[in-house]
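Trainee: For reference, the file model-v4.cif (mmCIF, C-alpha atoms) is included below:
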data_structure
#
loop_
_atom_site.label_atom_id
_atom_site.label_comp_id
_atom_site.auth_asym_id
_atom_site.auth_seq_id
_atom_site.Cartn_x
_atom_site.Cartn_y
_atom_site.Cartn_z
CA MET B 1 -16.96 -6.56 -10.63
CA THR B 2 -16.60 -2.77 -10.51
CA GLU B 3 -13.72 -1.46 -12.60
CA HIS B 4 -11.42 0.86 -10.71
CA ALA B 5 -7.86 1.66 -11.76
CA PRO B 6 -6.25 3.22 -8.66
CA LEU B 7 -2.52 2.78 -9.39
CA ILE B 8 -0.34 5.61 -10.69
CA LEU B 9 3.02 4.11 -11.67
CA ASP B 10 6.21 5.38 -13.28
CA VAL B 11 8.28 4.14 -16.20
CA ALA B 12 12.02 3.65 -16.19
CA GLY B 13 13.34 5.58 -19.18
CA THR B 14 12.70 7.78 -22.19
CA GLU B 15 10.75 5.12 -24.08
CA LEU B 16 8.50 2.26 -23.03
CA THR B 17 9.88 -1.22 -22.46
CA ALA B 18 7.89 -4.42 -22.81
CA ALA B 19 7.63 -4.52 -18.99
CA ASP B 20 6.28 -0.95 -18.94
CA ARG B 21 3.61 -1.83 -21.50
CA ARG B 22 2.59 -4.92 -19.56
CA ARG B 23 2.19 -2.93 -16.33
CA LEU B 24 0.35 -0.06 -18.00
CA ALA B 25 -2.08 -2.46 -19.68
CA HIS B 26 -3.09 -3.96 -16.32
CA PRO B 27 -6.67 -3.02 -15.39
CA LEU B 28 -5.58 -1.78 -11.94
CA THR B 29 -3.25 0.82 -13.49
CA GLY B 30 -4.89 4.21 -13.90
CA GLY B 31 -2.01 6.47 -14.83
CA VAL B 32 1.67 7.27 -15.18
CA ILE B 33 3.83 9.83 -13.37
CA LEU B 34 6.82 11.16 -15.30
CA PHE B 35 10.16 12.39 -13.94
CA ALA B 36 13.22 14.22 -15.28
CA ARG B 37 14.78 10.87 -16.26
CA ASN B 38 11.89 10.40 -18.73
CA TRP B 39 12.87 13.62 -20.55
CA GLU B 40 15.33 14.31 -23.36
CA ASN B 41 13.48 16.82 -25.51
CA ARG B 42 9.98 17.75 -26.64
CA ALA B 43 9.89 15.37 -29.59
CA GLN B 44 10.93 12.45 -27.37
CA LEU B 45 8.38 13.41 -24.68
CA LEU B 46 5.57 13.59 -27.23
CA GLN B 47 6.59 10.18 -28.56
CA LEU B 48 6.62 8.75 -25.02
CA THR B 49 3.20 10.16 -24.11
CA SER B 50 1.77 8.96 -27.43
CA SER B 51 3.09 5.44 -26.81
CA ILE B 52 1.53 5.47 -23.31
CA LYS B 53 -1.85 6.46 -24.77
CA ALA B 54 -1.45 3.74 -27.41
CA VAL B 55 -1.42 1.17 -24.59
CA ARG B 56 -4.62 2.64 -23.09
CA ASP B 57 -6.08 5.98 -24.03
CA ASP B 58 -7.68 6.46 -20.60
CA LEU B 59 -4.35 6.44 -18.72
CA LEU B 60 -3.77 9.74 -16.89
CA ILE B 61 -0.28 11.07 -17.67
CA CYS B 62 0.93 13.10 -14.68
CA VAL B 63 3.99 15.05 -13.61
CA ASP B 64 5.19 17.17 -10.67
CA HIS B 65 5.57 20.46 -12.53
CA GLU B 66 5.01 23.37 -10.14
CA GLY B 67 7.65 25.95 -11.08
CA GLY B 68 10.83 26.88 -9.24
CA ARG B 69 12.88 23.88 -8.16
CA VAL B 70 10.05 21.41 -8.82
CA GLN B 71 9.85 21.45 -12.61
CA ARG B 72 10.72 18.24 -14.43
CA PHE B 73 11.10 19.65 -17.96
CA ARG B 74 13.35 22.71 -18.26
CA THR B 75 14.97 22.69 -21.71
CA ASP B 76 14.01 22.68 -25.40
CA GLY B 77 11.66 25.66 -25.07
CA PHE B 78 9.93 24.95 -21.76
CA THR B 79 9.43 28.19 -19.83
CA HIS B 80 11.28 28.37 -16.51
CA LEU B 81 8.37 29.09 -14.20
CA PRO B 82 8.97 31.03 -10.98
CA PRO B 83 8.63 29.43 -7.54
CA MET B 84 5.24 30.19 -6.03
CA ARG B 85 6.82 32.37 -3.34
CA ALA B 86 7.67 34.89 -6.11
CA LEU B 87 3.92 35.35 -6.66
CA GLY B 88 3.39 35.88 -2.93
CA GLU B 89 6.14 38.49 -2.91
CA MET B 90 4.54 40.22 -5.89
CA TRP B 91 1.25 40.31 -3.93
CA MET B 92 2.98 42.27 -1.16
CA ASP B 93 4.68 44.77 -3.50
CA ASP B 94 2.46 47.84 -3.85
CA GLY B 95 5.32 50.18 -4.80
CA LYS B 96 7.03 52.70 -2.58
CA GLY B 97 6.61 56.38 -1.76
CA ALA B 98 4.58 58.39 -4.24
CA LYS B 99 4.36 55.36 -6.54
CA ALA B 100 2.61 53.21 -3.92
CA VAL B 101 -0.81 52.04 -5.09
CA PRO B 102 -2.54 50.02 -2.34
CA GLY B 103 -3.76 46.67 -3.63
CA SER B 104 -1.96 46.91 -6.95
CA GLY B 105 0.55 44.21 -5.99
CA ALA B 106 -2.27 41.79 -5.24
CA LEU B 107 -3.92 42.48 -8.59
CA ARG B 108 -0.69 42.00 -10.51
CA ALA B 109 0.02 38.80 -8.59
CA THR B 110 -3.35 37.22 -9.37
CA ASN B 111 -2.85 37.96 -13.08
CA ALA B 112 0.68 36.54 -12.92
CA ALA B 113 -0.61 33.40 -11.16
CA THR B 114 -3.21 32.86 -13.88
CA ALA B 115 -0.49 33.35 -16.49
CA ALA B 116 1.76 30.81 -14.74
CA GLY B 117 -1.05 28.26 -14.68
CA TYR B 118 -1.83 28.80 -18.34
CA VAL B 119 1.79 28.56 -19.50
CA LEU B 120 2.37 25.49 -17.31
CA GLY B 121 -0.73 23.68 -18.54
CA ALA B 122 -0.48 24.66 -22.22
CA GLU B 123 3.19 23.65 -22.56
CA LEU B 124 2.65 20.29 -20.86
CA ARG B 125 -0.46 19.51 -22.88
CA ALA B 126 1.34 20.35 -26.12
CA CYS B 127 3.68 17.47 -25.22
CA GLY B 128 0.90 15.03 -24.36
CA VAL B 129 0.96 15.41 -20.56
CA ASP B 130 -2.55 15.49 -19.05
CA PHE B 131 -2.05 16.66 -15.49
CA SER B 132 0.35 18.33 -13.04
CA PHE B 133 0.33 17.94 -9.25
CA THR B 134 -0.06 21.66 -8.53
CA PRO B 135 -0.71 24.03 -6.74
CA VAL B 136 0.97 23.74 -3.34
CA LEU B 137 -1.45 25.05 -0.69
CA ASP B 138 0.96 24.67 2.24
CA LEU B 139 1.68 27.82 4.23
CA ASP B 140 5.14 29.38 4.27
CA TRP B 141 6.03 29.18 7.97
CA GLY B 142 9.73 29.50 7.15
CA GLU B 143 10.44 26.15 8.85
CA SER B 144 10.05 23.45 6.19
CA GLY B 145 12.99 22.91 3.85
CA VAL B 146 11.02 20.51 1.65
CA ILE B 147 8.24 23.10 1.14
CA GLY B 148 10.20 26.38 1.34
CA ASP B 149 9.67 28.61 -1.69
CA ARG B 150 7.16 26.16 -3.16
CA ALA B 151 4.55 27.87 -0.93
CA PHE B 152 2.81 31.08 -2.03
CA HIS B 153 2.63 32.84 1.33
CA ARG B 154 2.16 32.56 5.09
CA ASP B 155 -1.40 33.97 4.99
CA PRO B 156 -3.96 31.28 4.00
CA ARG B 157 -6.16 33.95 2.37
CA VAL B 158 -3.34 34.98 0.03
CA VAL B 159 -2.54 31.31 -0.66
CA ALA B 160 -6.16 30.58 -1.54
CA LEU B 161 -6.57 33.50 -3.93
CA LEU B 162 -3.24 32.98 -5.71
CA ALA B 163 -3.92 29.25 -5.98
CA LYS B 164 -7.40 29.93 -7.37
CA SER B 165 -5.86 32.28 -9.94
CA LEU B 166 -3.28 29.67 -10.94
CA MET B 167 -6.01 27.02 -11.23
CA HIS B 168 -7.95 29.38 -13.50
CA GLY B 169 -4.92 29.44 -15.81
CA LEU B 170 -4.71 25.65 -15.76
CA LEU B 171 -8.40 25.50 -16.62
CA GLN B 172 -7.84 27.81 -19.60
CA ALA B 173 -5.26 25.29 -20.82
CA GLY B 174 -7.72 22.41 -20.28
CA MET B 175 -5.89 20.94 -17.28
CA ALA B 176 -7.21 19.82 -13.89
CA ASN B 177 -5.43 20.70 -10.62
CA CYS B 178 -4.26 19.16 -7.35
CA GLY B 179 -4.10 20.99 -4.02
CA LYS B 180 -1.38 19.64 -1.75
CA HIS B 181 -0.45 18.63 0.93
CA PHE B 182 -3.70 18.38 2.94
CA PRO B 183 -4.16 19.55 5.70
CA GLY B 184 -0.74 21.25 5.58
CA HIS B 185 2.96 20.33 5.47
CA GLY B 186 4.49 23.77 5.95
CA PHE B 187 4.53 23.86 9.76
CA VAL B 188 6.81 20.87 10.33
CA LYS B 189 10.56 20.81 9.64
CA ALA B 190 10.95 17.08 8.90
CA ASP B 191 10.92 15.86 5.28
CA SER B 192 8.38 13.06 4.77
CA HIS B 193 10.54 11.63 1.97
CA THR B 194 13.01 10.43 4.63
CA GLU B 195 11.15 10.48 7.97
CA VAL B 196 7.67 10.82 9.43
CA PRO B 197 6.95 14.45 10.40
CA VAL B 198 4.71 15.06 13.43
CA ASP B 199 2.56 18.18 13.83
CA LYS B 200 1.38 18.38 17.45
CA ARG B 201 -1.10 21.23 17.03
CA SER B 202 -4.79 20.90 17.80
CA LEU B 203 -7.39 20.25 15.11
CA LYS B 204 -8.84 23.71 15.78
CA ALA B 205 -5.46 25.38 15.15
CA ILE B 206 -4.83 23.43 11.93
CA LEU B 207 -8.31 24.09 10.52
CA ALA B 208 -8.06 27.81 11.34
CA ASP B 209 -4.74 28.21 9.55
CA ASP B 210 -3.01 25.60 7.35
CA ALA B 211 -6.15 23.77 6.22
CA ALA B 212 -8.19 26.94 5.65
CA PRO B 213 -7.59 27.10 1.86
CA TYR B 214 -9.26 23.71 1.30
CA PRO B 215 -12.88 24.58 2.18
CA TRP B 216 -12.46 27.98 0.49
CA LEU B 217 -11.39 26.19 -2.70
CA SER B 218 -13.64 23.12 -2.42
CA SER B 219 -15.64 24.08 -5.52
CA THR B 220 -12.47 24.79 -7.56
CA LEU B 221 -10.13 21.96 -6.60
CA THR B 222 -10.40 18.90 -8.83
CA SER B 223 -8.05 16.77 -6.72
CA VAL B 224 -6.17 16.81 -3.41
CA MET B 225 -3.02 15.08 -2.19
CA PRO B 226 -2.76 14.55 1.59
CA ALA B 227 0.44 15.03 3.56
CA HIS B 228 2.57 12.19 4.89
CA VAL B 229 2.42 13.92 8.27
CA ILE B 230 1.00 12.64 11.57
CA TYR B 231 -1.26 15.02 13.50
CA PRO B 232 -1.52 13.08 16.79
CA LYS B 233 -4.22 15.34 18.29
CA VAL B 234 -6.45 14.23 15.38
CA ASP B 235 -5.32 10.71 14.40
CA SER B 236 -2.36 8.43 15.07
CA ARG B 237 -1.97 7.73 11.35
CA PRO B 238 -0.61 10.11 8.68
CA ALA B 239 -3.34 12.12 6.92
CA GLY B 240 -3.15 9.99 3.76
CA PHE B 241 -4.09 6.87 5.77
CA SER B 242 -6.66 8.54 8.03
CA GLN B 243 -10.41 8.12 7.57
CA ARG B 244 -10.84 10.97 10.04
CA TRP B 245 -8.92 13.40 7.85
CA LEU B 246 -10.06 12.19 4.42
CA GLN B 247 -13.66 11.13 4.97
CA ASP B 248 -14.86 13.00 8.05
CA ILE B 249 -13.03 16.30 7.56
CA LEU B 250 -12.17 16.67 3.86
CA ARG B 251 -15.19 14.94 2.34
CA ARG B 252 -17.99 15.64 4.86
CA GLN B 253 -16.96 18.78 6.71
CA MET B 254 -15.25 20.58 3.81
CA ARG B 255 -17.57 19.07 1.16
CA PHE B 256 -14.76 18.17 -1.23
CA ASP B 257 -15.91 15.79 -3.96
CA GLY B 258 -12.87 15.54 -6.25
CA ALA B 259 -10.19 12.87 -6.47
CA ILE B 260 -7.82 12.13 -3.56
CA PHE B 261 -4.30 10.92 -4.42
CA SER B 262 -2.00 9.28 -1.92
CA ASP B 263 1.48 10.74 -1.93
CA ASP B 264 4.29 8.46 -3.11
CA LEU B 265 4.07 5.11 -1.30
CA SER B 266 7.85 4.68 -1.57
CA MET B 267 8.43 7.64 0.79
CA GLU B 268 9.47 6.87 4.36
CA GLY B 269 6.37 8.60 5.69
CA ALA B 270 4.12 6.46 3.52
CA ARG B 271 4.75 2.94 4.73
CA ARG B 272 5.22 3.41 8.46
CA LEU B 273 1.80 2.67 9.88
CA ASP B 274 1.07 2.29 13.59
CA GLY B 275 4.81 2.15 14.29
CA GLN B 276 5.59 -0.56 11.75
CA VAL B 277 6.96 -0.54 8.20
CA VAL B 278 4.42 -2.29 5.96
CA SER B 279 4.57 -3.56 2.37
CA TYR B 280 3.64 -1.44 -0.62
CA THR B 281 0.47 -3.50 -1.00
CA ASP B 282 -0.57 -3.03 2.63
CA ALA B 283 0.16 0.70 2.35
CA ALA B 284 -1.92 0.94 -0.84
CA VAL B 285 -4.83 -0.96 0.73
CA ALA B 286 -4.65 1.25 3.84
CA ALA B 287 -4.69 4.42 1.71
CA LEU B 288 -7.62 3.22 -0.40
CA GLU B 289 -9.58 2.09 2.67
CA ALA B 290 -8.95 5.47 4.32
CA GLY B 291 -10.50 7.28 1.39
CA CYS B 292 -7.85 7.76 -1.31
CA ASP B 293 -9.12 7.19 -4.84
CA LEU B 294 -5.65 6.80 -6.37
CA VAL B 295 -2.27 5.71 -5.01
CA LEU B 296 1.18 6.58 -6.36
CA LEU B 297 4.28 4.42 -6.42
CA CYS B 298 7.25 6.35 -7.75
CA ASN B 299 10.81 5.54 -8.82
CA GLN B 300 10.37 1.78 -8.41
CA SER B 301 10.35 0.84 -12.12
CA VAL B 302 14.09 1.52 -12.38
CA GLY B 303 16.08 -1.71 -12.49
CA ASP B 304 14.00 -4.89 -12.40
CA GLY B 305 10.84 -3.09 -11.26
CA LYS B 306 10.14 -5.86 -8.76
CA ALA B 307 8.32 -3.53 -6.34
CA VAL B 308 5.93 -2.40 -9.08
CA ASP B 309 5.00 -5.96 -10.02
CA GLU B 310 4.61 -6.89 -6.34
CA LEU B 311 2.18 -3.98 -5.85
CA ILE B 312 0.10 -4.83 -8.92
CA ASP B 313 -0.07 -8.51 -7.99
CA GLY B 314 -0.60 -7.74 -4.31
CA LEU B 315 -3.47 -5.33 -4.91
CA GLU B 316 -5.12 -7.79 -7.28
CA GLN B 317 -4.82 -10.48 -4.62
CA ALA B 318 -6.17 -8.10 -1.95
CA GLN B 319 -9.18 -7.43 -4.17
CA ASN B 320 -9.82 -11.15 -4.66
CA GLN B 321 -9.55 -11.66 -0.88
CA GLY B 322 -12.03 -8.86 -0.19
CA ARG B 323 -9.45 -6.71 1.63
CA TRP B 324 -10.11 -3.88 -0.80
CA GLN B 325 -13.25 -3.10 -2.76
CA PRO B 326 -13.07 -1.17 -6.05
CA SER B 327 -15.13 2.03 -6.16
CA VAL B 328 -17.14 3.26 -9.13
CA ASP B 329 -17.06 6.76 -7.58
CA SER B 330 -13.27 6.68 -7.37
CA GLU B 331 -13.01 5.61 -10.99
CA SER B 332 -15.32 8.41 -12.14
CA ARG B 333 -13.15 10.91 -10.22
CA ARG B 334 -10.05 9.55 -11.98
CA LEU B 335 -11.65 9.83 -15.41
CA ALA B 336 -12.81 13.38 -14.63
CA LEU B 337 -9.16 14.46 -14.40
CA LEU B 338 -8.52 13.61 -18.07
CA PRO B 339 -8.55 16.66 -20.39
CA GLU B 340 -11.77 17.19 -22.31
CA THR B 341 -10.29 19.42 -25.02
CA LEU B 342 -7.65 18.84 -27.67
CA PRO B 343 -4.22 20.30 -26.86
CA GLN B 344 -2.70 23.05 -28.95
CA ALA B 345 0.37 22.02 -30.94
CA TRP B 346 3.62 23.54 -29.64
CA ASP B 347 4.41 25.48 -32.83
CA GLU B 348 0.91 27.00 -32.85
CA LEU B 349 1.12 27.80 -29.14
CA MET B 350 4.29 29.84 -29.65
CA TYR B 351 2.33 32.37 -31.74
CA GLN B 352 -0.89 32.40 -29.77
CA PRO B 353 -1.65 35.90 -28.37
CA ALA B 354 -2.95 34.60 -25.03
CA TYR B 355 0.22 32.57 -24.50
CA LEU B 356 2.52 35.46 -25.45
CA GLN B 357 0.61 37.79 -23.12
CA ALA B 358 0.89 35.22 -20.31
CA LEU B 359 4.68 35.10 -20.74
CA ASP B 360 4.80 38.89 -20.32
CA LEU B 361 2.86 38.68 -17.05
CA LEU B 362 5.20 36.20 -15.34
CA PRO B 363 7.46 37.63 -12.61
#
For the structure just supplied, provide its representation as structure tokens.
Mentor:
Amino acid sequence: MTEHAPLILDVAGTELTAADRRRLAHPLTGGVILFARNWENRAQLLQLTSSIKAVRDDLLICVDHEGGRVQRFRTDGFTHLPPMRALGEMWMDDGKGAKAVPGSGALRATNAATAAGYVLGAELRACGVDFSFTPVLDLDWGESGVIGDRAFHRDPRVVALLAKSLMHGLLQAGMANCGKHFPGHGFVKADSHTEVPVDKRSLKAILADDAAPYPWLSSTLTSVMPAHVIYPKVDSRPAGFSQRWLQDILRRQMRFDGAIFSDDLSMEGARRLDGQVVSYTDAAVAALEAGCDLVLLCNQSVGDGKAVDELIDGLEQAQNQGRWQPSVDSESRRLALLPETLPQAWDELMYQPAYLQALDLLP
């Protein structure tokens, strides 16, 4: 039987419980996603990440840590990173009057984006976190409240170059990256956490605009997270459950070969398939069958964690019934996201010239 650990789960508190350890030890579990409730201070976070690795050293420890309003750890020395829109605004600022230098804003912005990626990655890795779900590649249409200032810019060319610069900084810190939310969440107003957004544009329009950064970055992106958005001119299912989007367009047409994460299966947009609300297990199977390598279930370990156990047991049963087949390729993509270098200790990082220079470059 092929080993494949597709589940990314969360843990309830600031230290592992016996139930957490049991779930993390399960062979179908491939990683952990942390939230603000898992944070007290750096020493506690390092203890938590160390205890996770003590269960299984191949578990991928993840977090949503983008900058701006999406940054889980904000105290005890963590740098407050700017929202990505601040980098887009820097790109546009070439000075005024006699001080105007055409193109200088773009050059400063790419350096600042690399600095943001390096600071983000180095600080997280110093606390034992392997991976952040960043950068956002959605376009800033000015319509989406859930995306808003998380987006770099309206122009996909600016988005691609700033994202590539940020990913270069992550790479310097030894961290992989995740472009989201494929093929684009910025055009629709609805929030997929609470409803199912619908983008009625044609495939041609989406590929020419919102999805354009993905093929441009296909050799740089190490992972992608699809949007919980329905694009009815392309498929009746949300992108994260669509073979058309994930296999035909992202894999074959855009030649992307990295890992594909589902977005959080507990979101409203994640479990409404073909007009019906399905179980977490059915949603996970549908995402894996569509082409996701890894599936996330967030915020369900709080309390009795019944939904987490149901998903683990349900996916194991689905595998035994032949409803889902593990993939050696998916597992290799998961393992490729793990850092290959040792992290720098926090106290050493604080004196490192490259880190200090990066802080100076942030907007």
Trainee: Counting all atoms listed in the file, I want the residues whose atoms come within 7 Å of (-6.7, 10.0, -2.2) in the file frame, returned as a PyMOL selection string.
Mentor: chain B and resi 224-225+240+259-262+291-295
Trainee: Report, in Å with one decimal, the straight-line distance from CA of Phe35 (chain B) to CA of Arg72 (chain B).
Mentor: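 Answer for the CA of Phe35 (chain B) to CA of Arg72 (chain B) separation: 5.9 Å.
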Trainee: Kindly indicate which residue among B:Pro183, B:Glu3, B:Gly77, B:Gly169 lies nearest to Ala43 (chain B), using all atoms listed in the file for the distances.
Mentor: B:Gly77
Trainee: Determine, counting all atoms listed in the file, which protein, DNA and RNA residues have an atom within 12 Å of an atom of Leu288 (chain B); residues of the same chain fewer than 5 positions away are not included. Present the result as number ranges by chain.
Mentor: B: 4-7, 240-243, 246-247, 259-263, 265, 281-283, 293-296, 315, 318-319, 323-327, 330
Trainee: So which residues are close to (3.2, 9.0, -28.3), meaning at most 12 Å away in the file's coordinates with only C-alpha atoms counted, and can you show them as a PyMOL selection string?
Mentor: chain B and resi 14-16+42-57+61+126-129
Trainee: Place N, CA, C and O atoms on region 144-163 of chain B and deliver the coordinates as a tab-separated table (two decimals), keeping the file's coordinate frame.
Mentor:
chain	number	residue	atom	x	y	z
B	144	SER	N	9.94	24.69	6.97
B	144	SER	CA	10.05	23.45	6.19
B	144	SER	C	10.98	23.62	4.99
B	144	SER	O	10.69	24.40	4.08
B	145	GLY	N	12.08	22.87	4.99
B	145	GLY	CA	12.99	22.91	3.85
B	145	GLY	C	12.38	22.28	2.61
B	145	GLY	O	12.62	22.73	1.50
B	146	VAL	N	11.59	21.21	2.80
B	146	VAL	CA	11.02	20.51	1.65
B	146	VAL	C	9.91	21.35	0.98
B	146	VAL	O	9.67	21.23	-0.22
B	147	ILE	N	9.24	22.21	1.72
B	147	ILE	CA	8.24	23.10	1.14
B	147	ILE	C	8.91	24.42	0.72
B	147	ILE	O	8.96	24.76	-0.45
B	148	GLY	N	9.43	25.18	1.66
B	148	GLY	CA	10.20	26.38	1.34
B	148	GLY	C	9.51	27.30	0.36
B	148	GLY	O	8.34	27.66	0.53
B	149	ASP	N	10.22	27.65	-0.73
B	149	ASP	CA	9.67	28.61	-1.69
B	149	ASP	C	8.64	28.00	-2.63
B	149	ASP	O	8.16	28.68	-3.54
B	150	ARG	N	8.27	26.75	-2.40
B	150	ARG	CA	7.16	26.16	-3.16
B	150	ARG	C	5.82	26.73	-2.69
B	150	ARG	O	4.82	26.62	-3.41
B	151	ALA	N	5.78	27.31	-1.49
B	151	ALA	CA	4.55	27.87	-0.93
B	151	ALA	C	4.37	29.32	-1.39
B	151	ALA	O	5.34	30.07	-1.53
B	152	PHE	N	3.11	29.72	-1.60
B	152	PHE	CA	2.81	31.08	-2.03
B	152	PHE	C	3.11	32.10	-0.93
B	152	PHE	O	3.69	33.15	-1.19
B	153	HIS	N	2.67	31.79	0.31
B	153	HIS	CA	2.63	32.84	1.33
B	153	HIS	C	2.36	32.22	2.69
B	153	HIS	O	1.96	31.05	2.78
B	154	ARG	N	2.51	33.00	3.73
B	154	ARG	CA	2.16	32.56	5.09
B	154	ARG	C	0.67	32.71	5.38
B	154	ARG	O	0.10	31.95	6.16
B	155	ASP	N	0.02	33.67	4.73
B	155	ASP	CA	-1.40	33.97	4.99
B	155	ASP	C	-2.27	33.03	4.15
B	155	ASP	O	-2.18	33.04	2.92
B	156	PRO	N	-3.14	32.22	4.78
B	156	PRO	CA	-3.96	31.28	4.00
B	156	PRO	C	-4.90	31.97	3.02
B	156	PRO	O	-5.27	31.39	2.00
B	157	ARG	N	-5.28	33.22	3.30
B	157	ARG	CA	-6.16	33.95	2.37
B	157	ARG	C	-5.41	34.27	1.07
B	157	ARG	O	-5.97	34.13	-0.03
B	158	VAL	N	-4.16	34.69	1.21
B	158	VAL	CA	-3.34	34.98	0.03
B	158	VAL	C	-3.07	33.69	-0.75
B	158	VAL	O	-3.17	33.65	-1.98
B	159	VAL	N	-2.76	32.61	-0.02
B	159	VAL	CA	-2.54	31.31	-0.66
B	159	VAL	C	-3.76	30.90	-1.47
B	159	VAL	O	-3.64	30.48	-2.63
B	160	ALA	N	-4.94	31.02	-0.87
B	160	ALA	CA	-6.16	30.58	-1.54
B	160	ALA	C	-6.42	31.37	-2.81
B	160	ALA	O	-6.77	30.81	-3.86
B	161	LEU	N	-6.26	32.69	-2.75
B	161	LEU	CA	-6.57	33.50	-3.93
B	161	LEU	C	-5.53	33.34	-5.04
B	161	LEU	O	-5.88	33.31	-6.22
B	162	LEU	N	-4.25	33.21	-4.67
B	162	LEU	CA	-3.24	32.98	-5.71
B	162	LEU	C	-3.40	31.59	-6.31
B	162	LEU	O	-3.25	31.41	-7.53
B	163	ALA	N	-3.71	30.60	-5.47
B	163	ALA	CA	-3.92	29.25	-5.98
B	163	ALA	C	-5.14	29.21	-6.90
B	163	ALA	O	-5.11	28.57	-7.96
